[in-house]
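work08.csv, holding CSV, C-alpha atoms:
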chain,number,residue,atom,x,y,z
A,326,MET,CA,103.2,-199.2,-131.2
A,327,TYR,CA,100.4,-197.4,-129.4
A,328,THR,CA,98.0,-195.0,-131.1
A,329,PHE,CA,95.6,-192.6,-129.5
A,330,THR,CA,92.2,-191.4,-130.8
A,331,PRO,CA,91.7,-187.7,-130.8
A,332,PHE,CA,89.2,-188.1,-127.9
A,333,LEU,CA,91.7,-190.1,-125.8
A,334,THR,CA,94.4,-187.6,-126.6
A,335,PHE,CA,92.1,-184.8,-125.4
A,336,ILE,CA,91.4,-186.6,-122.1
A,337,ILE,CA,95.1,-187.2,-121.4
A,338,MET,CA,96.1,-183.6,-122.1
A,339,ARG,CA,93.2,-182.3,-120.0
A,340,THR,CA,94.3,-184.6,-117.1
A,341,LEU,CA,97.8,-183.3,-117.3
A,342,ILE,CA,96.8,-179.7,-117.4
A,343,LEU,CA,94.4,-180.1,-114.4
A,344,SER,CA,97.2,-181.9,-112.5
A,345,PHE,CA,99.6,-179.1,-113.2
A,346,LEU,CA,97.1,-176.5,-112.1
A,347,PHE,CA,96.3,-178.4,-108.9
A,348,PHE,CA,100.0,-178.7,-108.0
A,349,ALA,CA,100.6,-175.0,-108.8
A,350,THR,CA,97.6,-174.0,-106.5
A,351,LEU,CA,98.8,-176.3,-103.8
A,352,CYS,CA,102.3,-175.0,-104.0
A,353,ALA,CA,101.2,-171.4,-103.9
A,354,SER,CA,99.0,-172.0,-100.9
A,355,ALA,CA,102.0,-173.5,-99.1
A,356,GLY,CA,104.1,-170.5,-99.8
A,357,CYS,CA,106.3,-172.2,-102.4
A,358,THR,CA,108.1,-170.2,-105.1
A,359,SER,CA,109.9,-171.2,-108.3
A,360,VAL,CA,113.6,-170.6,-108.7
A,361,THR,CA,113.0,-167.5,-110.8
A,362,ASP,CA,110.8,-165.8,-108.2
A,363,GLY,CA,113.6,-164.4,-106.0
A,364,ILE,CA,113.8,-165.1,-102.3
A,365,ARG,CA,111.5,-167.7,-100.8
A,366,ARG,CA,108.8,-166.4,-98.4
A,367,THR,CA,107.7,-167.7,-95.1
A,368,THR,CA,105.9,-166.6,-91.9
A,369,PRO,CA,107.6,-165.4,-88.8
A,370,GLU,CA,106.3,-168.4,-86.9
A,371,LYS,CA,107.8,-170.9,-89.4
A,372,ALA,CA,111.1,-168.9,-89.3
A,373,GLY,CA,111.4,-169.3,-85.6
A,374,LEU,CA,110.4,-165.7,-84.8
A,375,ASN,CA,107.8,-164.6,-82.3
A,376,PRO,CA,105.3,-162.4,-84.3
A,377,HIS,CA,104.1,-160.6,-81.2
A,378,LYS,CA,107.6,-159.5,-80.3
A,379,LEU,CA,108.1,-158.3,-83.9
A,380,THR,CA,105.5,-155.7,-83.1
A,381,LEU,CA,108.1,-154.1,-80.9
A,382,VAL,CA,110.2,-153.5,-84.0
A,383,ASP,CA,107.2,-151.7,-85.6
A,384,ASP,CA,106.9,-149.5,-82.5
A,385,ILE,CA,110.6,-148.7,-82.6
A,386,ILE,CA,110.6,-147.6,-86.2
A,387,ASN,CA,107.3,-145.7,-85.9
A,388,GLU,CA,108.6,-143.8,-82.9
A,389,SER,CA,111.7,-142.8,-84.9
A,390,ILE,CA,109.4,-141.5,-87.6
A,391,GLU,CA,107.3,-139.6,-85.0
A,392,LYS,CA,110.6,-138.0,-83.7
A,393,LYS,CA,111.4,-136.9,-87.3
A,394,GLU,CA,114.6,-138.8,-87.2
A,395,ILE,CA,113.6,-140.4,-90.5
A,396,PRO,CA,110.6,-139.8,-92.8
A,397,GLY,CA,110.1,-143.6,-93.4
A,398,ALA,CA,111.8,-146.9,-93.8
A,399,VAL,CA,111.5,-150.5,-95.1
A,400,LEU,CA,112.5,-153.5,-93.0
A,401,ALA,CA,113.3,-157.0,-94.2
A,402,ILE,CA,114.2,-159.9,-92.0
A,403,VAL,CA,115.7,-163.1,-93.4
A,404,ARG,CA,115.9,-166.4,-91.5
A,405,HIS,CA,117.2,-169.7,-92.7
A,406,GLY,CA,117.2,-168.6,-96.3
A,407,SER,CA,113.6,-167.2,-96.4
A,408,LEU,CA,112.1,-163.8,-96.2
A,409,ALA,CA,110.1,-163.8,-92.9
A,410,TYR,CA,109.2,-160.2,-92.6
A,411,LEU,CA,108.9,-157.3,-95.1
A,412,LYS,CA,107.2,-154.0,-94.1
A,413,ALA,CA,107.1,-150.4,-95.1
A,414,TYR,CA,106.8,-147.5,-92.6
A,415,GLY,CA,106.0,-143.8,-93.0
A,416,ASN,CA,106.7,-141.8,-96.1
A,417,LYS,CA,108.9,-142.2,-99.1
A,418,SER,CA,108.8,-138.5,-99.7
A,419,VAL,CA,107.8,-135.5,-97.6
A,420,TYR,CA,109.1,-132.8,-100.0
A,421,PRO,CA,108.1,-131.4,-102.4
A,422,ASP,CA,105.1,-133.9,-102.2
A,423,VAL,CA,104.1,-136.5,-99.7
A,424,GLU,CA,104.4,-140.1,-101.0
A,425,PRO,CA,103.8,-143.1,-98.8
A,426,MET,CA,106.6,-145.6,-98.4
A,427,THR,CA,106.2,-149.0,-100.2
A,428,VAL,CA,108.1,-152.2,-99.7
A,429,ASN,CA,109.6,-152.0,-103.3
A,430,THR,CA,111.1,-148.5,-102.8
A,431,VAL,CA,114.6,-148.3,-104.1
A,432,PHE,CA,117.2,-146.5,-101.8
A,433,ASP,CA,120.5,-144.8,-102.4
A,434,MET,CA,122.6,-147.4,-100.5
A,435,ALA,CA,125.5,-145.0,-99.9
A,436,SER,CA,128.4,-146.9,-98.2
A,437,VAL,CA,126.5,-150.2,-98.2
A,438,SER,CA,127.7,-150.1,-101.8
A,439,LYS,CA,131.2,-150.9,-100.5
A,440,PRO,CA,130.5,-154.5,-99.6
A,441,VAL,CA,127.5,-155.1,-101.9
A,442,GLY,CA,129.0,-153.7,-105.1
A,443,THR,CA,132.8,-153.3,-104.8
A,444,ALA,CA,134.0,-155.9,-102.3
A,445,ILE,CA,132.0,-158.8,-103.7
A,446,SER,CA,133.2,-158.0,-107.2
A,447,VAL,CA,136.8,-157.8,-105.9
A,448,MET,CA,136.4,-161.2,-104.2
A,449,GLN,CA,135.2,-162.7,-107.5
A,450,LEU,CA,138.5,-161.6,-109.0
A,451,ILE,CA,140.4,-163.2,-106.2
A,452,GLU,CA,138.6,-166.6,-106.6
A,453,ASN,CA,139.0,-166.4,-110.3
A,454,GLY,CA,142.8,-166.1,-110.0
A,455,LYS,CA,143.0,-162.5,-111.2
A,456,LEU,CA,144.1,-160.9,-107.9
A,457,ARG,CA,145.7,-161.7,-104.5
A,458,LEU,CA,144.8,-160.1,-101.1
A,459,THR,CA,148.5,-159.6,-100.6
A,460,ASP,CA,149.2,-157.9,-103.9
A,461,PRO,CA,150.5,-154.4,-103.7
A,462,VAL,CA,148.1,-151.8,-105.2
A,463,SER,CA,150.9,-150.5,-107.3
A,464,MET,CA,150.8,-153.7,-109.4
A,465,TYR,CA,147.4,-152.4,-110.8
A,466,ILE,CA,147.7,-148.6,-110.4
A,467,PRO,CA,151.2,-147.5,-111.6
A,468,GLY,CA,152.9,-145.0,-109.3
A,469,PHE,CA,150.5,-145.7,-106.4
A,470,ARG,CA,152.4,-144.2,-103.5
A,471,PRO,CA,153.6,-146.4,-100.6
A,472,TRP,CA,153.9,-145.4,-97.0
A,473,VAL,CA,157.3,-144.1,-96.2
A,474,ASN,CA,158.8,-144.4,-92.7
A,475,PRO,CA,159.8,-140.9,-91.7
A,476,GLU,CA,162.6,-142.2,-89.5
A,477,ASN,CA,164.5,-144.4,-92.0
A,478,GLY,CA,162.9,-143.8,-95.4
A,479,ARG,CA,161.8,-147.4,-95.7
A,480,GLU,CA,158.8,-147.9,-98.0
A,481,VAL,CA,155.9,-150.2,-97.1
A,482,GLU,CA,153.4,-151.0,-99.9
A,483,ILE,CA,149.7,-150.7,-99.5
A,484,ARG,CA,148.0,-154.1,-100.3
A,485,ILE,CA,144.6,-155.0,-101.5
A,486,GLU,CA,143.6,-156.4,-98.0
A,487,ASP,CA,144.6,-153.1,-96.5
A,488,LEU,CA,142.1,-151.3,-98.6
A,489,LEU,CA,139.3,-153.9,-97.9
A,490,THR,CA,139.9,-153.6,-94.1
A,491,HIS,CA,140.3,-149.8,-94.0
A,492,SER,CA,143.8,-150.1,-92.7
A,493,SER,CA,145.7,-148.6,-95.6
A,494,GLY,CA,146.6,-145.3,-94.1
A,495,LEU,CA,144.7,-143.4,-96.8
A,496,PRO,CA,143.0,-140.2,-95.6
A,497,SER,CA,139.2,-140.6,-94.9
A,498,TYR,CA,138.0,-138.3,-97.7
A,499,ILE,CA,138.8,-135.6,-100.2
A,500,THR,CA,136.7,-132.5,-100.5
A,501,ALA,CA,134.9,-132.9,-103.8
A,502,THR,CA,134.4,-129.2,-104.5
A,503,LYS,CA,138.2,-128.7,-104.2
A,504,LEU,CA,138.8,-131.3,-107.0
A,505,THR,CA,136.0,-130.2,-109.2
A,506,GLY,CA,137.1,-126.6,-109.0
A,507,ARG,CA,140.5,-127.6,-110.2
A,508,TYR,CA,139.8,-130.4,-112.7
A,509,GLY,CA,136.1,-130.1,-113.6
A,510,SER,CA,133.2,-132.5,-113.1
A,511,PRO,CA,133.0,-135.4,-113.7
A,512,ASN,CA,136.7,-136.4,-113.7
A,513,PRO,CA,137.3,-140.0,-112.5
A,514,GLN,CA,140.9,-139.9,-113.6
A,515,ALA,CA,141.7,-136.7,-111.6
A,516,LEU,CA,140.2,-138.4,-108.5
A,517,ILE,CA,142.3,-141.6,-108.7
A,518,ASP,CA,145.4,-139.6,-109.6
A,519,SER,CA,144.9,-137.5,-106.5
A,520,ILE,CA,144.5,-140.6,-104.3
A,521,THR,CA,147.6,-142.2,-105.9
A,522,ILE,CA,150.0,-139.4,-104.8
A,523,MET,CA,148.5,-138.0,-101.6
A,524,PRO,CA,150.3,-138.4,-98.3
A,525,ARG,CA,149.5,-141.6,-96.2
A,526,ASP,CA,148.5,-141.1,-92.6
A,527,PHE,CA,150.1,-144.2,-91.1
A,528,ARG,CA,151.8,-147.5,-91.8
A,529,PRO,CA,149.5,-150.0,-93.5
A,530,SER,CA,147.7,-152.7,-91.5
A,531,THR,CA,148.5,-151.0,-88.1
A,532,ARG,CA,145.4,-149.0,-87.6
A,533,PHE,CA,141.7,-148.7,-88.6
A,534,GLN,CA,140.7,-145.5,-90.4
A,535,TYR,CA,137.5,-145.6,-92.3
A,536,SER,CA,138.1,-144.2,-95.8
A,537,CYS,CA,136.0,-143.9,-98.9
A,538,LEU,CA,139.3,-143.5,-100.8
A,539,ASN,CA,140.1,-147.2,-100.1
A,540,PHE,CA,137.1,-148.3,-102.1
A,541,ILE,CA,137.5,-145.8,-104.9
A,542,THR,CA,141.0,-147.3,-105.2
A,543,LEU,CA,139.6,-150.8,-105.3
A,544,GLN,CA,137.2,-149.7,-108.0
A,545,ASN,CA,140.2,-148.6,-110.1
A,546,VAL,CA,142.0,-151.9,-109.4
A,547,LEU,CA,139.0,-153.8,-110.7
A,548,GLN,CA,138.6,-151.6,-113.7
A,549,ASN,CA,142.2,-151.9,-114.7
A,550,ILE,CA,142.1,-155.7,-114.4
A,551,THR,CA,138.8,-156.3,-116.2
A,552,GLY,CA,138.7,-153.4,-118.6
A,553,GLU,CA,135.1,-152.8,-117.5
A,554,LYS,CA,133.5,-150.1,-115.3
A,555,LEU,CA,132.7,-151.2,-111.8
A,556,CYS,CA,129.0,-150.4,-112.4
A,557,ASP,CA,128.9,-152.7,-115.4
A,558,TYR,CA,130.9,-155.5,-113.9
A,559,ALA,CA,128.9,-155.6,-110.6
A,560,LYS,CA,125.6,-155.4,-112.4
A,561,LYS,CA,126.4,-158.3,-114.7
A,562,ASN,CA,128.4,-160.6,-112.3
A,563,VAL,CA,126.7,-159.9,-109.0
A,564,PHE,CA,123.3,-158.2,-109.2
A,565,ASP,CA,121.9,-159.8,-112.4
A,566,ALA,CA,123.7,-163.0,-111.8
A,567,LEU,CA,121.8,-163.5,-108.5
A,568,GLY,CA,118.5,-162.1,-109.7
A,569,MET,CA,118.6,-158.8,-107.9
A,570,THR,CA,116.3,-157.1,-110.5
A,571,HIS,CA,116.0,-153.7,-108.8
A,572,THR,CA,119.7,-153.2,-108.0
A,573,THR,CA,121.9,-151.0,-110.1
A,574,TYR,CA,124.1,-147.9,-110.4
A,575,ASN,CA,122.7,-144.7,-112.0
A,576,PRO,CA,119.1,-146.0,-112.1
A,577,SER,CA,116.8,-145.3,-115.0
A,578,GLY,CA,113.3,-146.3,-116.1
A,579,GLU,CA,111.2,-148.4,-113.7
A,580,ILE,CA,114.0,-148.4,-111.0
A,581,LEU,CA,114.3,-144.6,-111.1
A,582,ALA,CA,110.6,-144.3,-110.6
A,583,LEU,CA,110.8,-146.4,-107.5
A,584,CYS,CA,113.7,-144.4,-106.0
A,585,ALA,CA,113.3,-142.5,-102.7
A,586,PRO,CA,114.5,-138.9,-102.8
A,587,THR,CA,117.4,-137.8,-100.6
A,588,GLU,CA,118.6,-134.3,-99.9
A,589,LYS,CA,117.0,-131.0,-101.0
A,590,GLN,CA,119.3,-129.0,-103.2
A,591,PRO,CA,120.0,-125.2,-103.1
A,592,ASP,CA,117.7,-124.7,-106.2
A,593,GLY,CA,114.8,-126.4,-104.3
A,594,SER,CA,114.9,-129.7,-106.2
A,595,VAL,CA,115.7,-133.0,-104.5
A,596,LEU,CA,118.2,-135.7,-105.5
A,597,ARG,CA,116.3,-138.8,-106.7
A,598,GLY,CA,118.2,-141.6,-108.5
A,599,LYS,CA,121.4,-139.6,-108.3
A,600,VAL,CA,124.0,-140.7,-105.7
A,601,HIS,CA,124.2,-138.5,-102.6
A,602,ASP,CA,127.9,-138.9,-101.9
A,603,PRO,CA,129.8,-135.9,-103.4
A,604,LEU,CA,132.8,-137.8,-104.7
A,605,ALA,CA,130.7,-140.4,-106.3
A,606,LEU,CA,128.4,-137.8,-107.8
A,607,LEU,CA,130.7,-135.0,-108.9
A,608,LEU,CA,133.9,-136.9,-109.7
A,609,ASN,CA,132.9,-140.4,-110.6
A,610,ASP,CA,129.5,-139.7,-112.1
A,611,GLY,CA,127.7,-142.4,-110.2
A,612,ASN,CA,130.2,-145.2,-111.0
A,613,SER,CA,132.1,-145.3,-107.7
A,614,GLY,CA,133.6,-147.8,-105.4
A,615,ASN,CA,132.5,-146.0,-102.2
A,616,ALA,CA,128.9,-145.3,-103.1
A,617,GLY,CA,126.5,-145.4,-106.0
A,618,VAL,CA,124.4,-148.7,-105.6
A,619,PHE,CA,120.7,-148.3,-105.6
A,620,SER,CA,118.7,-151.2,-104.2
A,621,CYS,CA,115.5,-152.4,-102.4
A,622,ALA,CA,115.0,-154.4,-99.3
A,623,GLU,CA,113.9,-157.6,-101.1
A,624,ASP,CA,117.0,-157.6,-103.4
A,625,LEU,CA,119.3,-157.2,-100.4
A,626,ALA,CA,117.4,-160.0,-98.5
A,627,LEU,CA,118.2,-162.2,-101.5
A,628,LEU,CA,121.9,-161.3,-101.3
A,629,ALA,CA,121.9,-161.9,-97.6
A,630,ALA,CA,120.3,-165.3,-98.1
A,631,ALA,CA,122.9,-166.2,-100.7
A,632,LEU,CA,125.8,-165.2,-98.4
A,633,MET,CA,124.4,-167.2,-95.5
A,634,ASN,CA,124.1,-170.1,-98.0
A,635,GLY,CA,127.8,-170.1,-99.0
A,636,GLY,CA,127.3,-167.7,-102.0
A,637,GLU,CA,124.5,-169.4,-103.8
A,638,TYR,CA,120.7,-169.1,-103.9
A,639,ASN,CA,118.1,-170.6,-106.3
A,640,GLY,CA,121.0,-172.4,-108.2
A,641,LYS,CA,122.6,-169.0,-108.9
A,642,ARG,CA,126.1,-168.7,-107.4
A,643,ILE,CA,128.1,-165.4,-107.0
A,644,LEU,CA,130.9,-166.6,-104.6
A,645,SER,CA,132.3,-169.9,-103.5
A,646,PRO,CA,131.6,-171.1,-99.9
A,647,LEU,CA,135.3,-170.7,-99.1
A,648,THR,CA,135.3,-167.1,-100.5
A,649,VAL,CA,132.3,-166.2,-98.4
A,650,GLU,CA,134.0,-167.6,-95.2
A,651,ILE,CA,137.2,-165.7,-95.8
A,652,MET,CA,135.4,-162.5,-96.8
A,653,THR,CA,133.3,-162.3,-93.7
A,654,THR,CA,135.9,-163.3,-91.2
A,655,VAL,CA,138.3,-160.8,-89.6
A,656,PRO,CA,141.8,-161.7,-90.9
A,657,ALA,CA,144.3,-163.0,-88.4
A,658,GLY,CA,146.5,-159.9,-88.7
A,659,TYR,CA,143.6,-157.5,-88.2
A,660,LYS,CA,141.8,-159.0,-85.2
A,661,THR,CA,142.2,-155.8,-83.2
A,662,LEU,CA,140.7,-153.7,-86.0
A,663,GLY,CA,137.4,-155.7,-86.3
A,664,ARG,CA,137.0,-155.4,-90.0
A,665,SER,CA,136.6,-158.3,-92.5
A,666,LEU,CA,137.1,-157.9,-96.2
A,667,GLY,CA,134.6,-155.2,-97.1
A,668,TRP,CA,132.4,-155.8,-94.0
A,669,ASP,CA,132.3,-154.6,-90.4
A,670,ASN,CA,132.3,-157.2,-87.7
A,671,TYR,CA,133.2,-155.5,-84.4
A,672,SER,CA,135.0,-152.2,-85.2
A,673,SER,CA,134.0,-148.9,-83.6
A,674,TYR,CA,131.6,-148.5,-86.5
A,675,SER,CA,129.6,-151.7,-85.9
A,676,SER,CA,126.9,-150.5,-83.4
A,677,ASN,CA,124.2,-151.3,-86.0
A,678,ASN,CA,124.9,-155.0,-85.2
A,679,GLY,CA,123.2,-154.5,-81.9
A,680,ASN,CA,124.1,-156.4,-78.7
A,681,LEU,CA,122.5,-159.9,-79.1
A,682,PHE,CA,123.8,-161.3,-82.4
A,683,ASP,CA,127.1,-163.2,-82.4
A,684,PRO,CA,129.8,-160.7,-81.3
A,685,GLU,CA,132.5,-161.8,-83.7
A,686,LYS,CA,130.9,-163.6,-86.6
A,687,THR,CA,128.1,-161.1,-87.3
A,688,TYR,CA,129.0,-158.8,-90.1
A,689,GLY,CA,127.3,-155.8,-91.8
A,690,HIS,CA,127.6,-152.3,-93.0
A,691,THR,CA,125.9,-148.9,-92.9
A,692,GLY,CA,125.3,-146.1,-95.3
A,693,TYR,CA,125.4,-142.4,-94.7
A,694,THR,CA,121.9,-141.9,-96.2
A,695,GLY,CA,120.4,-144.2,-93.5
A,696,THR,CA,120.7,-147.7,-94.9
A,697,SER,CA,122.1,-150.7,-93.1
A,698,ILE,CA,122.5,-154.5,-93.3
A,699,VAL,CA,123.3,-157.0,-90.5
A,700,ILE,CA,124.0,-160.7,-91.1
A,701,ASP,CA,124.5,-163.2,-88.3
A,702,PRO,CA,125.6,-166.5,-89.9
A,703,VAL,CA,125.3,-168.3,-86.5
A,704,SER,CA,121.6,-167.7,-86.0
A,705,GLN,CA,121.1,-167.5,-89.8
A,706,THR,CA,119.4,-164.1,-89.5
A,707,ALA,CA,119.7,-161.0,-91.5
A,708,VAL,CA,118.2,-157.6,-90.8
A,709,ILE,CA,118.0,-155.1,-93.6
A,710,LEU,CA,116.8,-151.6,-92.5
A,711,LEU,CA,116.5,-149.1,-95.3
A,712,ALA,CA,115.8,-145.5,-94.3
A,713,HIS,CA,116.6,-142.1,-95.9
A,714,ARG,CA,117.5,-139.9,-92.9
A,715,VAL,CA,119.0,-137.3,-95.3
A,716,HIS,CA,115.6,-136.5,-96.7
A,717,PRO,CA,114.9,-133.7,-97.0
A,718,ASP,CA,117.5,-131.7,-95.0
A,719,ASP,CA,120.2,-134.2,-93.9
A,720,VAL,CA,119.5,-133.7,-90.2
A,721,GLY,CA,118.0,-137.1,-89.1
A,722,SER,CA,119.8,-139.8,-87.2
A,723,VAL,CA,119.6,-143.6,-87.3
A,724,VAL,CA,122.6,-144.7,-85.2
A,725,ARG,CA,120.5,-145.7,-82.2
A,726,LEU,CA,117.6,-146.9,-84.3
A,727,ARG,CA,119.7,-149.5,-86.1
A,728,ALA,CA,120.9,-151.1,-82.9
A,729,LEU,CA,117.4,-151.0,-81.3
A,730,VAL,CA,115.9,-152.8,-84.4
A,731,ALA,CA,118.7,-155.4,-84.4
A,732,ASN,CA,118.2,-156.1,-80.7
A,733,ALA,CA,114.4,-156.4,-81.1
A,734,VAL,CA,114.7,-158.8,-84.1
A,735,ALA,CA,117.3,-160.9,-82.2
A,736,GLY,CA,115.0,-160.9,-79.2
A,737,ALA,CA,112.1,-162.2,-81.3
A,738,ILE,CA,114.1,-165.4,-82.2
A,739,THR,CA,112.5,-168.4,-80.5
A,740,LYS,CA,114.7,-171.1,-81.9
A,741,LYS,CA,118.0,-171.4,-83.7

What is this file in structure tokens?
Amino acid sequence: MYTFTPFLTFIIMRTLILSFLFFATLCASAGCTSVTDGIRRTTPEKAGLNPHKLTLVDDIINESIEKKEIPGAVLAIVRHGSLAYLKAYGNKSVYPDVEPMTVNTVFDMASVSKPVGTAISVMQLIENGKLRLTDPVSMYIPGFRPWVNPENGREVEIRIEDLLTHSSGLPSYITATKLTGRYGSPNPQALIDSITIMPRDFRPSTRFQYSCLNFITLQNVLQNITGEKLCDYAKKNVFDALGMTHTTYNPSGEILALCAPTEKQPDGSVLRGKVHDPLALLLNDGNSGNAGVFSCAEDLALLAAALMNGGEYNGKRILSPLTVEIMTTVPAGYKTLGRSLGWDNYSSYSSNNGNLFDPEKTYGHTGYTGTSIVIDPVSQTAVILLAHRVHPDDVGSVVRLRALVANAVAGAITKK
């Protein structure tokens, strides 16, 4: 049996410590990160992006700011599982005070909440054997009204996949003030009760009609299955599970302090950390299937990297590879509609994908406030553009900007 003198023990420990420090320094200089550090970082050149062409992206966003289409933005570009570009532009706030934009600014994601919060959570239930895409909604929401053929009275049930692809026939929206005037605010039960019995616009799965009511319905399906609020389920099983440390519903504390303001209110205040969407705010009190997620560019980059890696990143898995594949592919019966399960591939709403990424496999989503995410699994590229065009007066526009940025990023790719 070997024994060591105190001096020899000191030498051994000192050598080990110095070796560890040398390795840590070497790893840091090479751009390495540990599995707890979130998304890996790289340079545009190493990611196969032309850095000189990326300056065109900067010009495009800065020009939009100069035109007062947006007060500011944050851009993140992911390639092959690493964050290759992260930059802030313009201002986070212009009213009541001017605050410069920072890369860690948290945005009201608006309808980007649909895939990021609701759809991923629903797909987890499917892969866990709690739900089927072909299940009728009425299995989980008693009395949920089917479509009734006006010619013969035949009933056709609305299914889970009809909700996810916006082909259910539910109306696009309900005026929030009409419901709050009748039932008070907040009143989540009155909202889903109204959706349950309202007339359907067309036979399910035959047309595309974008509807926030589809995802509020999905929220209630999930809550009835799990016994948990969507906001709690998604935070625990999606955001926290993946390490998205600045993504939540109804932000508070540090995350609230990082939030960008949205629209100026009649009393002169601005919404900050409160969801902008009226149904989500007034009826669902921030816990809503159609809106309500607050997040930052780096967290969304991490999510995009996980999806492009089959649902896993840093050893943390939120979906299986087969689930990701099914979720992001337009189902066979919905090819003419262009929507996958919670995502937009090539519907009439998909202009944010630009013109150069894969025309069928690229998927993404936009949010009313000015947010967007585009993921091209073929080139292994994701573009996250977070803006708040509704600040302060809800008059800005980002429709063209999103496509221009996507095209410029795709044009900067030098190798697949």

Quiz prompt | Separation of CA of Val403 in chain A from CA of Val708 in chain A, in Å and rounded to one decimal | solution =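 Taking CA of Val403 in chain A and CA of Val708 in chain A, their separation equals 6.6 Å.
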
Quiz item: What is the CA of Ile520 in chain A-CA of Thr572 in chain A distance in Å, reported with one decimal?
Solution: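 Computed distance, CA of Ile520 in chain A to CA of Thr572 in chain A, equals 28.1 Å.
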
Exercise. Take CA of Lys378 in chain A and CA of Tyr410 in chain A and report the distance between them in Å, one decimal.
Key: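 Between these atoms lies a distance of 12.4 Å.
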
Exercise. For Pro511 in chain A, please output as a list in words all residues within 12 Å (counting only C-alpha atoms; exclusion window: fewer than 6 positions along the same chain).
Key: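 Within the cut-off, the hits are Ala501, Thr502, Leu504, Thr505, Pro603, Leu604, Ala605, Leu606, Leu607, Leu608, Asn609, Asp610, Gly611, Asn612 and Ser613 of chain A.
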
Quiz item: So which residues touch range 474-476 of chain A within 10 Å, counting only C-alpha atoms, skipping near sequence neighbours fewer than 3 positions away, as number ranges by chain?
Solution: A: 471, 479-481, 527-528

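You can rank A:Ile385, A:His601, A:Tyr674, A:Ile445 by their closest distance to Met652 in chain A using all atoms listed in the file, and at the top of that list sits A:Ile445.
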
I'd like the neighbourhood of Val734 in chain A as a PDB file with C-alpha atoms, in the frame of the given file, where a residue qualifies if any of its atoms comes within 9 Å (using all atoms listed in the file), though same-chain residues fewer than 4 positions away should be ignored.
ATOM      1  CA  LEU A 374     110.400-165.700 -84.800  1.00  0.00           C
ATOM      2  CA  LYS A 378     107.600-159.500 -80.300  1.00  0.00           C
ATOM      3  CA  LEU A 379     108.100-158.300 -83.900  1.00  0.00           C
ATOM      4  CA  LEU A 381     108.100-154.100 -80.900  1.00  0.00           C
ATOM      5  CA  VAL A 382     110.200-153.500 -84.000  1.00  0.00           C
ATOM      6  CA  ILE A 402     114.200-159.900 -92.000  1.00  0.00           C
ATOM      7  CA  THR A 706     119.400-164.100 -89.500  1.00  0.00           C
ATOM      8  CA  VAL A 708     118.200-157.600 -90.800  1.00  0.00           C
ATOM      9  CA  LEU A 729     117.400-151.000 -81.300  1.00  0.00           C
ATOM     10  CA  VAL A 730     115.900-152.800 -84.400  1.00  0.00           C
ATOM     11  CA  ILE A 738     114.100-165.400 -82.200  1.00  0.00           C
TER      12      ILE A 738
END

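Closest approach to Gln590 in chain A from the set A:Val715, A:Leu710, A:Ile700, A:Leu495 is made by A:Val715, with distances taken over only C-alpha atoms.
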
Quiz prompt | Selection: 6 Å around Glu394 in chain A, all atoms listed in the file, excl. self and same-chain fewer than 5 positions, as a list in words | solution =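 Neighbouring residues, sequence-local ones excluded: Ser389, Gly721 and Ser722 of chain A.
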
Practice problem: Would you please work out which residue, of A:Tyr558, A:Tyr659, A:Phe533, A:Phe432, is nearest to Phe619 in chain A when using only C-alpha atoms? | Solution: A:Phe432

Self-check item: For Asp557 in chain A: contacts at 12 Å, all atoms listed in the file, fewer than 2 positions along chain excluded, given as a list in words
Solution: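 Final neighbour list, sorted by chain and number: Gly442, Thr443, Ser446, Gln544, Leu547, Gln548, Thr551, Gly552, Glu553, Lys554, Leu555, Ala559, Lys560, Lys561, Asn562, Val563, Phe564, Asp565, Thr572, Thr573, Tyr574, Asn575, Gly611, Asn612, Ser613 and Val618 of chain A.
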
Quiz item: A:Leu581, A:Ala515, A:Ala631, A:Met569: which is nearest Arg404 in chain A, counting only C-alpha atoms?
Solution: A:Ala631
